[in-house]
$ cat query-v8.cif   # mmCIF, C-alpha atoms and all ligand atoms
data_query
loop_
_atom_site.group_PDB
_atom_site.id
_atom_site.type_symbol
_atom_site.label_atom_id
_atom_site.label_comp_id
_atom_site.auth_asym_id
_atom_site.auth_seq_id
_atom_site.Cartn_x
_atom_site.Cartn_y
_atom_site.Cartn_z
ATOM 1 C CA MET A 12 77.571 -151.244 -64.823
ATOM 2 C CA ASN A 13 78.121 -154.900 -64.036
ATOM 3 C CA LYS A 14 75.661 -155.862 -61.301
ATOM 4 C CA PRO A 15 74.376 -159.189 -59.977
ATOM 5 C CA ARG A 16 70.767 -157.939 -60.158
ATOM 6 C CA LYS A 17 69.201 -155.965 -63.010
ATOM 7 C CA LEU A 18 69.035 -152.292 -62.038
ATOM 8 C CA ILE A 19 65.585 -150.789 -61.619
ATOM 9 C CA ILE A 20 65.223 -147.022 -61.865
ATOM 10 C CA ALA A 21 61.769 -145.640 -61.119
ATOM 11 C CA GLY A 22 60.422 -142.116 -61.279
ATOM 12 C CA ASN A 23 57.855 -141.140 -58.661
ATOM 13 C CA TRP A 24 55.992 -138.171 -60.114
ATOM 14 C CA LYS A 25 53.935 -137.754 -56.921
ATOM 15 C CA MET A 26 51.060 -135.241 -57.221
ATOM 16 C CA ASN A 27 52.548 -133.508 -60.240
ATOM 17 C CA LYS A 28 51.742 -133.330 -63.965
ATOM 18 C CA THR A 29 48.468 -132.744 -65.739
ATOM 19 C CA VAL A 30 47.598 -135.296 -68.394
ATOM 20 C CA ALA A 31 49.135 -133.079 -71.091
ATOM 21 C CA GLU A 32 52.333 -132.593 -69.081
ATOM 22 C CA ALA A 33 52.545 -136.278 -68.242
ATOM 23 C CA LEU A 34 52.159 -137.171 -71.905
ATOM 24 C CA ALA A 35 54.909 -134.787 -72.911
ATOM 25 C CA LEU A 36 57.287 -136.201 -70.291
ATOM 26 C CA ALA A 37 56.493 -139.826 -71.128
ATOM 27 C CA SER A 38 56.852 -139.251 -74.873
ATOM 28 C CA SER A 39 60.184 -137.543 -74.411
ATOM 29 C CA LEU A 40 61.492 -140.359 -72.175
ATOM 30 C CA LYS A 41 60.294 -142.969 -74.644
ATOM 31 C CA LEU A 42 62.356 -141.381 -77.408
ATOM 32 C CA ASP A 43 65.389 -140.649 -75.302
ATOM 33 C CA LEU A 44 65.601 -144.054 -73.610
ATOM 34 C CA ALA A 45 64.547 -146.247 -76.526
ATOM 35 C CA ASN A 46 67.901 -148.025 -76.688
ATOM 36 C CA VAL A 47 68.301 -148.806 -73.008
ATOM 37 C CA LYS A 48 67.798 -152.526 -72.455
ATOM 38 C CA GLU A 49 70.006 -153.157 -69.431
ATOM 39 C CA VAL A 50 67.857 -151.341 -66.866
ATOM 40 C CA ASP A 51 64.223 -151.709 -65.834
ATOM 41 C CA ILE A 52 62.772 -148.227 -66.302
ATOM 42 C CA VAL A 53 59.535 -147.433 -64.471
ATOM 43 C CA VAL A 54 57.481 -144.244 -64.383
ATOM 44 C CA CYS A 55 54.826 -143.697 -61.726
ATOM 45 C CA PRO A 56 52.466 -140.884 -62.774
ATOM 46 C CA PRO A 57 49.440 -139.811 -60.738
ATOM 47 C CA PHE A 58 46.334 -142.013 -61.247
ATOM 48 C CA THR A 59 44.744 -139.417 -63.538
ATOM 49 C CA ALA A 60 47.557 -139.730 -66.078
ATOM 50 C CA LEU A 61 47.924 -143.529 -66.046
ATOM 51 C CA GLU A 62 45.715 -144.141 -69.061
ATOM 52 C CA SER A 63 47.422 -141.636 -71.333
ATOM 53 C CA VAL A 64 50.941 -142.539 -70.198
ATOM 54 C CA SER A 65 50.054 -146.189 -70.681
ATOM 55 C CA LYS A 66 49.062 -145.521 -74.288
ATOM 56 C CA ALA A 67 52.095 -143.318 -74.893
ATOM 57 C CA THR A 68 54.540 -145.942 -73.617
ATOM 58 C CA LEU A 69 52.906 -148.918 -75.300
ATOM 59 C CA ASP A 70 55.522 -151.047 -77.087
ATOM 60 C CA SER A 71 58.368 -149.296 -75.329
ATOM 61 C CA ASN A 72 60.896 -150.265 -72.675
ATOM 62 C CA ILE A 73 59.205 -147.948 -70.162
ATOM 63 C CA LYS A 74 57.092 -149.779 -67.619
ATOM 64 C CA LEU A 75 54.222 -148.219 -65.756
ATOM 65 C CA GLY A 76 53.850 -147.950 -61.998
ATOM 66 C CA ALA A 77 51.214 -146.479 -59.689
ATOM 67 C CA GLN A 78 51.843 -144.635 -56.454
ATOM 68 C CA ASN A 79 49.426 -146.512 -54.216
ATOM 69 C CA LEU A 80 46.537 -148.979 -54.191
ATOM 70 C CA SER A 81 43.756 -150.051 -51.875
ATOM 71 C CA GLU A 82 44.183 -153.240 -49.885
ATOM 72 C CA HIS A 83 40.621 -154.096 -50.950
ATOM 73 C CA HIS A 84 39.604 -155.506 -54.302
ATOM 74 C CA PHE A 85 36.359 -153.550 -54.826
ATOM 75 C CA GLY A 86 33.485 -151.998 -52.929
ATOM 76 C CA ALA A 87 32.478 -149.082 -50.772
ATOM 77 C CA PHE A 88 35.845 -147.379 -50.281
ATOM 78 C CA THR A 89 35.309 -143.845 -51.505
ATOM 79 C CA GLY A 90 38.340 -142.285 -53.131
ATOM 80 C CA GLU A 91 40.343 -145.507 -53.297
ATOM 81 C CA ILE A 92 41.766 -147.277 -56.359
ATOM 82 C CA CYS A 93 42.062 -151.072 -56.498
ATOM 83 C CA ALA A 94 44.552 -153.339 -58.202
ATOM 84 C CA GLY A 95 42.111 -154.408 -60.914
ATOM 85 C CA MET A 96 41.655 -150.788 -61.965
ATOM 86 C CA LEU A 97 45.407 -150.346 -62.273
ATOM 87 C CA LYS A 98 45.677 -153.513 -64.343
ATOM 88 C CA GLU A 99 43.296 -151.980 -66.899
ATOM 89 C CA PHE A 100 46.101 -149.578 -67.785
ATOM 90 C CA SER A 101 48.817 -152.239 -67.904
ATOM 91 C CA VAL A 102 50.350 -151.031 -64.661
ATOM 92 C CA ARG A 103 53.084 -153.429 -63.526
ATOM 93 C CA TYR A 104 54.539 -151.846 -60.395
ATOM 94 C CA VAL A 105 53.048 -150.045 -57.422
ATOM 95 C CA ILE A 106 54.846 -147.908 -54.854
ATOM 96 C CA LEU A 107 53.696 -148.833 -51.345
ATOM 97 C CA GLY A 108 54.447 -147.293 -47.975
ATOM 98 C CA HIS A 109 56.143 -144.167 -49.290
ATOM 99 C CA SER A 110 57.227 -142.066 -46.310
ATOM 100 C CA GLU A 111 54.779 -139.351 -47.363
ATOM 101 C CA ARG A 112 51.930 -141.834 -47.037
ATOM 102 C CA ARG A 113 53.338 -143.207 -43.787
ATOM 103 C CA GLN A 114 53.472 -139.619 -42.488
ATOM 104 C CA TYR A 115 50.329 -137.960 -43.907
ATOM 105 C CA GLN A 116 47.986 -140.941 -44.251
ATOM 106 C CA LYS A 117 49.389 -142.686 -41.187
ATOM 107 C CA GLU A 118 49.941 -145.915 -43.132
ATOM 108 C CA SER A 119 51.218 -148.656 -40.853
ATOM 109 C CA ASP A 120 53.509 -151.547 -41.659
ATOM 110 C CA ALA A 121 50.549 -153.906 -41.241
ATOM 111 C CA LEU A 122 48.499 -151.984 -43.818
ATOM 112 C CA ILE A 123 51.429 -151.875 -46.226
ATOM 113 C CA ALA A 124 51.827 -155.662 -45.858
ATOM 114 C CA LYS A 125 48.146 -156.115 -46.752
ATOM 115 C CA LYS A 126 48.582 -153.874 -49.785
ATOM 116 C CA ALA A 127 51.678 -155.820 -50.849
ATOM 117 C CA ALA A 128 49.691 -159.066 -50.665
ATOM 118 C CA THR A 129 46.868 -157.465 -52.677
ATOM 119 C CA ALA A 130 49.346 -156.259 -55.286
ATOM 120 C CA HIS A 131 50.842 -159.737 -55.683
ATOM 121 C CA ALA A 132 47.407 -161.299 -55.943
ATOM 122 C CA ALA A 133 46.919 -159.117 -59.037
ATOM 123 C CA SER A 134 50.464 -159.779 -60.358
ATOM 124 C CA LEU A 135 51.550 -156.228 -59.642
ATOM 125 C CA LYS A 136 55.093 -155.840 -58.312
ATOM 126 C CA PRO A 137 55.204 -153.754 -55.152
ATOM 127 C CA ILE A 138 57.980 -151.246 -54.522
ATOM 128 C CA VAL A 139 57.912 -151.179 -50.736
ATOM 129 C CA CYS A 140 59.516 -148.094 -49.190
ATOM 130 C CA VAL A 141 61.317 -148.079 -45.854
ATOM 131 C CA GLY A 142 63.538 -145.489 -44.228
ATOM 132 C CA GLU A 143 64.414 -143.737 -41.006
ATOM 133 C CA THR A 144 63.855 -140.100 -40.051
ATOM 134 C CA LEU A 145 66.722 -137.811 -39.117
ATOM 135 C CA ALA A 146 65.795 -138.008 -35.428
ATOM 136 C CA GLU A 147 65.858 -141.797 -35.601
ATOM 137 C CA ARG A 148 69.258 -141.829 -37.323
ATOM 138 C CA GLU A 149 70.668 -139.380 -34.802
ATOM 139 C CA ALA A 150 69.354 -141.529 -31.956
ATOM 140 C CA ASN A 151 71.164 -144.536 -33.466
ATOM 141 C CA GLN A 152 67.847 -146.227 -34.162
ATOM 142 C CA MET A 153 68.289 -146.656 -37.904
ATOM 143 C CA GLU A 154 68.736 -150.423 -37.823
ATOM 144 C CA GLN A 155 65.881 -150.957 -35.404
ATOM 145 C CA VAL A 156 63.527 -148.804 -37.521
ATOM 146 C CA LEU A 157 64.533 -150.496 -40.768
ATOM 147 C CA GLU A 158 64.194 -153.964 -39.277
ATOM 148 C CA THR A 159 60.718 -153.189 -37.913
ATOM 149 C CA GLN A 160 59.568 -151.704 -41.232
ATOM 150 C CA VAL A 161 61.044 -154.499 -43.353
ATOM 151 C CA ARG A 162 59.612 -157.271 -41.180
ATOM 152 C CA GLY A 163 56.243 -155.536 -40.772
ATOM 153 C CA SER A 164 55.712 -154.328 -44.348
ATOM 154 C CA LEU A 165 56.718 -157.621 -45.959
ATOM 155 C CA ALA A 166 55.044 -159.911 -43.444
ATOM 156 C CA GLY A 167 53.289 -162.873 -44.990
ATOM 157 C CA LEU A 168 54.882 -162.747 -48.438
ATOM 158 C CA THR A 169 56.130 -166.020 -49.875
ATOM 159 C CA LYS A 170 59.735 -166.332 -51.067
ATOM 160 C CA GLU A 171 58.498 -166.278 -54.650
ATOM 161 C CA GLN A 172 56.578 -163.058 -54.007
ATOM 162 C CA MET A 173 59.547 -161.514 -52.211
ATOM 163 C CA VAL A 174 61.770 -162.021 -55.234
ATOM 164 C CA GLU A 175 59.175 -160.113 -57.294
ATOM 165 C CA THR A 176 59.077 -157.306 -54.721
ATOM 166 C CA VAL A 177 61.373 -154.293 -54.836
ATOM 167 C CA VAL A 178 62.453 -152.642 -51.588
ATOM 168 C CA ALA A 179 63.224 -148.921 -51.713
ATOM 169 C CA TYR A 180 65.502 -147.603 -48.978
ATOM 170 C CA GLU A 181 64.490 -143.972 -48.669
ATOM 171 C CA PRO A 182 65.936 -142.170 -45.659
ATOM 172 C CA VAL A 183 63.241 -139.622 -44.857
ATOM 173 C CA TRP A 184 65.844 -136.911 -44.218
ATOM 174 C CA ALA A 185 67.068 -137.255 -47.810
ATOM 175 C CA ILE A 186 63.699 -137.036 -49.575
ATOM 176 C CA GLY A 187 63.203 -133.764 -51.383
ATOM 177 C CA THR A 188 65.810 -132.086 -49.185
ATOM 178 C CA GLY A 189 68.803 -132.098 -51.503
ATOM 179 C CA LYS A 190 70.657 -134.112 -48.840
ATOM 180 C CA THR A 191 71.734 -137.466 -50.210
ATOM 181 C CA ALA A 192 72.984 -140.368 -48.149
ATOM 182 C CA SER A 193 76.702 -140.894 -48.674
ATOM 183 C CA THR A 194 77.612 -143.985 -50.645
ATOM 184 C CA GLU A 195 78.801 -145.571 -47.379
ATOM 185 C CA GLN A 196 75.548 -144.768 -45.584
ATOM 186 C CA ALA A 197 73.481 -146.107 -48.495
ATOM 187 C CA GLN A 198 75.520 -149.294 -48.840
ATOM 188 C CA ALA A 199 75.411 -149.944 -45.077
ATOM 189 C CA ALA A 200 71.614 -149.541 -44.960
ATOM 190 C CA HIS A 201 71.089 -151.703 -48.064
ATOM 191 C CA ALA A 202 73.352 -154.445 -46.731
ATOM 192 C CA PHE A 203 71.500 -154.309 -43.431
ATOM 193 C CA ILE A 204 68.112 -154.607 -45.194
ATOM 194 C CA ARG A 205 69.411 -157.547 -47.230
ATOM 195 C CA GLY A 206 70.546 -159.181 -44.006
ATOM 196 C CA VAL A 207 67.066 -158.808 -42.512
ATOM 197 C CA LEU A 208 65.565 -160.297 -45.693
ATOM 198 C CA GLY A 209 67.956 -163.207 -45.295
ATOM 199 C CA GLN A 210 66.642 -163.861 -41.780
ATOM 200 C CA LEU A 211 63.027 -163.354 -42.805
ATOM 201 C CA PHE A 212 63.202 -165.563 -45.913
ATOM 202 C CA ASP A 213 66.597 -167.119 -46.675
ATOM 203 C CA GLU A 214 69.964 -166.032 -48.062
ATOM 204 C CA ALA A 215 69.229 -167.122 -51.622
ATOM 205 C CA THR A 216 65.971 -165.156 -51.675
ATOM 206 C CA ALA A 217 67.621 -162.093 -50.143
ATOM 207 C CA ARG A 218 70.342 -162.184 -52.804
ATOM 208 C CA LYS A 219 67.714 -161.963 -55.549
ATOM 209 C CA VAL A 220 65.760 -158.990 -54.156
ATOM 210 C CA ARG A 221 66.398 -155.601 -55.715
ATOM 211 C CA ILE A 222 66.870 -152.774 -53.218
ATOM 212 C CA GLN A 223 66.642 -149.267 -54.664
ATOM 213 C CA TYR A 224 68.005 -146.131 -53.062
ATOM 214 C CA GLY A 225 65.808 -143.021 -52.963
ATOM 215 C CA GLY A 226 66.449 -139.567 -51.608
ATOM 216 C CA SER A 227 67.591 -136.581 -53.688
ATOM 217 C CA VAL A 228 69.005 -138.779 -56.454
ATOM 218 C CA LYS A 229 70.308 -136.659 -59.340
ATOM 219 C CA PRO A 230 72.413 -137.308 -62.446
ATOM 220 C CA ALA A 231 75.465 -136.118 -60.483
ATOM 221 C CA ASN A 232 75.177 -138.664 -57.649
ATOM 222 C CA ALA A 233 73.145 -141.547 -59.087
ATOM 223 C CA ASN A 234 75.976 -143.550 -60.564
ATOM 224 C CA GLU A 235 78.144 -143.558 -57.485
ATOM 225 C CA LEU A 236 75.197 -144.666 -55.357
ATOM 226 C CA MET A 237 74.144 -147.395 -57.784
ATOM 227 C CA SER A 238 77.685 -148.712 -58.076
ATOM 228 C CA GLN A 239 77.523 -149.858 -54.444
ATOM 229 C CA PRO A 240 77.224 -153.654 -54.251
ATOM 230 C CA ASP A 241 73.801 -153.746 -52.560
ATOM 231 C CA VAL A 242 72.248 -150.744 -54.345
ATOM 232 C CA ASP A 243 70.204 -152.070 -57.258
ATOM 233 C CA GLY A 244 68.703 -148.919 -58.662
ATOM 234 C CA ALA A 245 67.025 -145.702 -57.666
ATOM 235 C CA LEU A 246 63.618 -144.322 -56.795
ATOM 236 C CA VAL A 247 63.707 -140.765 -58.047
ATOM 237 C CA GLY A 248 61.333 -137.956 -57.059
ATOM 238 C CA GLY A 249 62.218 -134.393 -58.043
ATOM 239 C CA ALA A 250 64.717 -135.323 -60.748
ATOM 240 C CA ALA A 251 62.122 -137.585 -62.405
ATOM 241 C CA LEU A 252 59.872 -134.630 -63.222
ATOM 242 C CA GLU A 253 62.139 -133.446 -65.969
ATOM 243 C CA SER A 254 62.964 -135.592 -68.970
ATOM 244 C CA ARG A 255 66.621 -134.655 -69.238
ATOM 245 C CA SER A 256 67.562 -135.378 -65.624
ATOM 246 C CA PHE A 257 65.670 -138.695 -65.387
ATOM 247 C CA ALA A 258 67.006 -139.839 -68.763
ATOM 248 C CA ASP A 259 70.547 -138.916 -67.714
ATOM 249 C CA ILE A 260 70.230 -140.920 -64.494
ATOM 250 C CA VAL A 261 69.152 -143.951 -66.524
ATOM 251 C CA LYS A 262 71.666 -143.529 -69.367
ATOM 252 C CA ASN A 263 74.626 -142.904 -67.063
ATOM 253 C CA SER A 264 73.928 -146.166 -65.258
ATOM 254 C CA VAL A 265 74.379 -148.304 -68.356
HETATM 255 C C1 LIG B 301 60.815 -139.871 -53.290
HETATM 256 O O1 LIG B 301 59.936 -139.170 -52.861
HETATM 257 O O2 LIG B 301 60.609 -141.069 -53.480
HETATM 258 C C2 LIG B 301 62.110 -139.253 -53.549
HETATM 259 C C3 LIG B 301 63.158 -140.019 -53.527
HETATM 260 O O3 LIG B 301 62.127 -137.893 -53.785
HETATM 261 P P1 LIG B 301 63.388 -136.998 -54.151
HETATM 262 O O4 LIG B 301 64.162 -137.704 -55.226
HETATM 263 O O5 LIG B 301 62.816 -135.694 -54.632
HETATM 264 O O6 LIG B 301 64.199 -136.837 -52.897
#
$ encode --input "query-v8.cif" --output "C-alpha cells"
Amino acid sequence: MNKPRKLIIAGNWKMNKTVAEALALASSLKLDLANVKEVDIVVCPPFTALESVSKATLDSNIKLGAQNLSEHHFGAFTGEICAGMLKEFSVRYVILGHSERRQYQKESDALIAKKAATAHAASLKPIVCVGETLAEREANQMEQVLETQVRGSLAGLTKEQMVETVVAYEPVWAIGTGKTASTEQAQAAHAFIRGVLGQLFDEATARKVRIQYGGSVKPANANELMSQPDVDGALVGGAALESRSFADIVKNSV
C-alpha cells in the first residue's frame, strides 16, 4: 500500500492472556511477521506479560506497547504503573484514553493530556484514543465530541511531540461489537481529526501525524479501511488475540 505516512498496526490485548499465552502469541507473531518492514507493528499485552513479551520480541520488528500509565513519575499511587517502569521492559508505545478507561475509570481529557506529557517526557509514544458513542453520532455530535477530545487530550504538546504521537479514532459503537465504521465514515472522521490537528498545531504537523482506525477491525475489512487517504493504520482488539488474524491484517496491508 502506497501511503504518505508509515502504517502503524497495533494489537490491544486488553485484560487477556496469561504470561504463557502471551509468550505463545508473541512468538508466533515474531515468526510470521519477520519479513514485514513496511509497517510499524506494535503489541500491547497486559502489564504482567510485558517482561516476557519484551524478551520474546527482542531483535524483532515487533514493538512493545503498554495499555496505560500513571501521570506521576513515582510515589504513593497504589496500583499504578509509571513510565520508568515501562521503560525497563523496552516499551515504546502506550495506549492512552481508551474508551474503556474513559468509561470505567472516568478518565478525562485533562488527565489523558497529563499522561501524554508524562509519556513524552520518558520518550514513550502515546497512542491517544478518541471516538464518539452511538448516541453522540445519532445526535449529530460526532464532530463536536471529536474536537473536544482531540483538543483536550493533546493539550500542551509541542509540535515535535505531536508528530511522535499517534491518534486512534475508535468510534465507541464499533469497539468489540462487530460493527465497523464504513470506509466513508472512517475517512470523514480521520480527515476531520486531521483538520483539528491543523488548527491546533499547523498543517505541516497535522500531515505528519498518524491516525489509526479502531473498532472491529478484521482481516476482511482492514485493508479497505487502511486504504483511505487519512487512515494510517489500525488499533485492533479482538482480532489481535489470535496470531493468524492479527498477522493477516498486517500482511494484507503490505
Ligand atoms: C479496541 O478496543 O481498541 C478495539 C478496537 O477493539 P475491537 O477490535 O475488538 O473492536
$ residues_near_ligand --input "query-v8.cif" --ligand "ligand LIG 301 (chain B)" --cutoff "9 Å" --atoms "all atoms listed in the file" --output "PyMOL selection string"
chain A and resi 21-25+109-111+140+179+181-191+224-229+245-251
$ resolve_selection --input "query-v8.cif" --expression "the PyMOL selection byres (((chain A and resi 165) around 12) and not hetatm)" --output "number ranges by chain"
A: 107-108, 119-131, 137-141, 157-164, 166-170, 172-178, 204, 207-208, 211-212
$ atom_distance --input "query-v8.cif" --atom1 "CA of Ile222 (chain A)" --atom2 "CA of Gly95 (chain A)"
26.0 Å
$ atom_distance --input "query-v8.cif" --atom1 "CA of Asn263 (chain A)" --atom2 "CA of Ala67 (chain A)"
23.9 Å
$ residues_around --input "query-v8.cif" --residues "Tyr104 (chain A)" --least-positions-apart "3" --cutoff "6 Å" --atoms "all atoms listed in the file" --output "list in words"
Gly76, Leu135, Lys136 and Pro137 of chain A
$ write_last_selection --input "query-v8.cif" --atoms "C-alpha atoms" --output "PDB file, in the coordinates of the input"
ATOM      1  CA  GLY A  76      53.850-147.950 -61.998  1.00  0.00           C
ATOM      2  CA  LEU A 135      51.550-156.228 -59.642  1.00  0.00           C
ATOM      3  CA  LYS A 136      55.093-155.840 -58.312  1.00  0.00           C
ATOM      4  CA  PRO A 137      55.204-153.754 -55.152  1.00  0.00           C
TER       5      PRO A 137
END
$ closest_residue --input "query-v8.cif" --among "A:Ala200, A:Leu97, A:Ala258, A:Leu236" --to "Ser38 (chain A)" --atoms "only C-alpha atoms"
A:Ala258
$ closest_residue --input "query-v8.cif" --among "A:Glu143, A:Glu154, A:Glu195, A:Asp243" --to "Val50 (chain A)" --atoms "all atoms listed in the file"
A:Asp243
$ atom_distance --input "query-v8.cif" --atom1 "CA of Glu253 (chain A)" --atom2 "CA of Glu235 (chain A)"
20.7 Å
$ closest_residue --input "query-v8.cif" --among "A:Val220, A:Ala233, A:Val47, A:Thr194" --to "Gly206 (chain A)" --atoms "all atoms listed in the file"
A:Val220
$ resolve_selection --input "query-v8.cif" --expression "the PyMOL selection byres (((chain A and resi 40) around 10) and not hetatm)" --output "PyMOL selection string"
chain A and resi 34-39+41-45+52+54+68+71-73+253-255+257-258
$ resolve_selection --input "query-v8.cif" --expression "the PyMOL selection byres (((chain A and resi 16) around 8) and not hetatm)" --output "PyMOL selection string"
chain A and resi 14-15+17-18+219-221+243
$ residues_around --input "query-v8.cif" --residues "Phe85 (chain A)" --least-positions-apart "4" --cutoff "10 Å" --atoms "only C-alpha atoms" --output "MDAnalysis selection string"
chainID A and resid 81 91:96
$ write_last_selection --input "query-v8.cif" --atoms "C-alpha atoms" --output "mmCIF file, in the frame of the given file"
data_model
loop_
_atom_site.group_PDB
_atom_site.id
_atom_site.type_symbol
_atom_site.label_atom_id
_atom_site.label_comp_id
_atom_site.auth_asym_id
_atom_site.auth_seq_id
_atom_site.Cartn_x
_atom_site.Cartn_y
_atom_site.Cartn_z
ATOM 1 C CA SER A 81 43.756 -150.051 -51.875
ATOM 2 C CA GLU A 91 40.343 -145.507 -53.297
ATOM 3 C CA ILE A 92 41.766 -147.277 -56.359
ATOM 4 C CA CYS A 93 42.062 -151.072 -56.498
ATOM 5 C CA ALA A 94 44.552 -153.339 -58.202
ATOM 6 C CA GLY A 95 42.111 -154.408 -60.914
ATOM 7 C CA MET A 96 41.655 -150.788 -61.965
#
$ residues_around --input "query-v8.cif" --residues "Thr59 (chain A)" --least-positions-apart "4" --cutoff "12 Å" --atoms "all atoms listed in the file" --output "count of residues only"
21
$ closest_residue --input "query-v8.cif" --among "A:Lys74, A:Arg148, A:Lys117, A:His201" --to "Pro56 (chain A)" --atoms "all atoms listed in the file"
A:Lys74
$ decode --input "query-v8.cif" --residues "region 87-106 of chain A" --atoms "N, CA, C and O atoms" --output "PDB file, in the first residue's frame"
ATOM      1  N   ALA A  87       3.444   7.402  46.049  1.00  0.00           N
ATOM      2  CA  ALA A  87       2.360   6.710  46.743  1.00  0.00           C
ATOM      3  C   ALA A  87       1.086   6.705  45.887  1.00  0.00           C
ATOM      4  O   ALA A  87       0.152   7.478  46.128  1.00  0.00           O
ATOM      5  N   PHE A  88       1.080   5.871  44.877  1.00  0.00           N
ATOM      6  CA  PHE A  88      -0.076   5.747  43.982  1.00  0.00           C
ATOM      7  C   PHE A  88      -0.352   4.263  43.790  1.00  0.00           C
ATOM      8  O   PHE A  88       0.019   3.651  42.773  1.00  0.00           O
ATOM      9  N   THR A  89      -0.971   3.686  44.795  1.00  0.00           N
ATOM     10  CA  THR A  89      -1.158   2.234  44.853  1.00  0.00           C
ATOM     11  C   THR A  89      -1.850   1.706  43.596  1.00  0.00           C
ATOM     12  O   THR A  89      -2.873   2.246  43.172  1.00  0.00           O
ATOM     13  N   GLY A  90      -1.243   0.675  43.025  1.00  0.00           N
ATOM     14  CA  GLY A  90      -1.853   0.033  41.864  1.00  0.00           C
ATOM     15  C   GLY A  90      -1.484   0.659  40.536  1.00  0.00           C
ATOM     16  O   GLY A  90      -1.870   0.156  39.485  1.00  0.00           O
ATOM     17  N   GLU A  91      -0.742   1.759  40.565  1.00  0.00           N
ATOM     18  CA  GLU A  91      -0.396   2.440  39.314  1.00  0.00           C
ATOM     19  C   GLU A  91       0.976   1.979  38.798  1.00  0.00           C
ATOM     20  O   GLU A  91       1.792   1.442  39.542  1.00  0.00           O
ATOM     21  N   ILE A  92       1.213   2.233  37.537  1.00  0.00           N
ATOM     22  CA  ILE A  92       2.479   1.880  36.873  1.00  0.00           C
ATOM     23  C   ILE A  92       3.001   3.148  36.201  1.00  0.00           C
ATOM     24  O   ILE A  92       2.254   3.810  35.472  1.00  0.00           O
ATOM     25  N   CYS A  93       4.274   3.483  36.431  1.00  0.00           N
ATOM     26  CA  CYS A  93       4.792   4.726  35.845  1.00  0.00           C
ATOM     27  C   CYS A  93       5.645   4.453  34.601  1.00  0.00           C
ATOM     28  O   CYS A  93       6.026   3.314  34.317  1.00  0.00           O
ATOM     29  N   ALA A  94       5.927   5.535  33.903  1.00  0.00           N
ATOM     30  CA  ALA A  94       6.645   5.425  32.633  1.00  0.00           C
ATOM     31  C   ALA A  94       8.002   4.742  32.795  1.00  0.00           C
ATOM     32  O   ALA A  94       8.397   3.915  31.976  1.00  0.00           O
ATOM     33  N   GLY A  95       8.713   5.089  33.868  1.00  0.00           N
ATOM     34  CA  GLY A  95      10.035   4.498  34.084  1.00  0.00           C
ATOM     35  C   GLY A  95       9.969   2.982  34.204  1.00  0.00           C
ATOM     36  O   GLY A  95      10.883   2.266  33.765  1.00  0.00           O
ATOM     37  N   MET A  96       8.906   2.486  34.805  1.00  0.00           N
ATOM     38  CA  MET A  96       8.748   1.030  34.939  1.00  0.00           C
ATOM     39  C   MET A  96       8.517   0.376  33.578  1.00  0.00           C
ATOM     40  O   MET A  96       8.999  -0.715  33.307  1.00  0.00           O
ATOM     41  N   LEU A  97       7.784   1.077  32.727  1.00  0.00           N
ATOM     42  CA  LEU A  97       7.544   0.538  31.379  1.00  0.00           C
ATOM     43  C   LEU A  97       8.839   0.530  30.570  1.00  0.00           C
ATOM     44  O   LEU A  97       9.120  -0.398  29.817  1.00  0.00           O
ATOM     45  N   LYS A  98       9.637   1.577  30.767  1.00  0.00           N
ATOM     46  CA  LYS A  98      10.898   1.673  30.017  1.00  0.00           C
ATOM     47  C   LYS A  98      11.838   0.512  30.342  1.00  0.00           C
ATOM     48  O   LYS A  98      12.648   0.113  29.517  1.00  0.00           O
ATOM     49  N   GLU A  99      11.714  -0.029  31.570  1.00  0.00           N
ATOM     50  CA  GLU A  99      12.576  -1.164  31.939  1.00  0.00           C
ATOM     51  C   GLU A  99      12.376  -2.359  31.012  1.00  0.00           C
ATOM     52  O   GLU A  99      13.237  -3.206  30.896  1.00  0.00           O
ATOM     53  N   PHE A 100      11.184  -2.420  30.402  1.00  0.00           N
ATOM     54  CA  PHE A 100      10.898  -3.548  29.505  1.00  0.00           C
ATOM     55  C   PHE A 100      10.944  -3.121  28.036  1.00  0.00           C
ATOM     56  O   PHE A 100      10.341  -3.761  27.178  1.00  0.00           O
ATOM     57  N   SER A 101      11.617  -2.032  27.773  1.00  0.00           N
ATOM     58  CA  SER A 101      11.760  -1.536  26.394  1.00  0.00           C
ATOM     59  C   SER A 101      10.419  -1.243  25.733  1.00  0.00           C
ATOM     60  O   SER A 101      10.258  -1.417  24.525  1.00  0.00           O
ATOM     61  N   VAL A 102       9.461  -0.817  26.525  1.00  0.00           N
ATOM     62  CA  VAL A 102       8.177  -0.390  25.962  1.00  0.00           C
ATOM     63  C   VAL A 102       8.398   0.909  25.187  1.00  0.00           C
ATOM     64  O   VAL A 102       9.133   1.784  25.625  1.00  0.00           O
ATOM     65  N   ARG A 103       7.759   1.010  24.002  1.00  0.00           N
ATOM     66  CA  ARG A 103       7.955   2.216  23.191  1.00  0.00           C
ATOM     67  C   ARG A 103       6.667   3.012  22.991  1.00  0.00           C
ATOM     68  O   ARG A 103       6.703   4.190  22.677  1.00  0.00           O
ATOM     69  N   TYR A 104       5.542   2.326  23.090  1.00  0.00           N
ATOM     70  CA  TYR A 104       4.253   2.999  22.876  1.00  0.00           C
ATOM     71  C   TYR A 104       3.377   2.805  24.107  1.00  0.00           C
ATOM     72  O   TYR A 104       3.565   1.848  24.860  1.00  0.00           O
ATOM     73  N   VAL A 105       2.415   3.687  24.289  1.00  0.00           N
ATOM     74  CA  VAL A 105       1.445   3.478  25.366  1.00  0.00           C
ATOM     75  C   VAL A 105       0.073   3.985  24.909  1.00  0.00           C
ATOM     76  O   VAL A 105      -0.052   5.106  24.413  1.00  0.00           O
ATOM     77  N   ILE A 106      -0.912   3.096  25.034  1.00  0.00           N
ATOM     78  CA  ILE A 106      -2.288   3.481  24.690  1.00  0.00           C
ATOM     79  C   ILE A 106      -2.821   4.365  25.814  1.00  0.00           C
ATOM     80  O   ILE A 106      -2.714   4.011  26.989  1.00  0.00           O
TER      81      ILE A 106
END
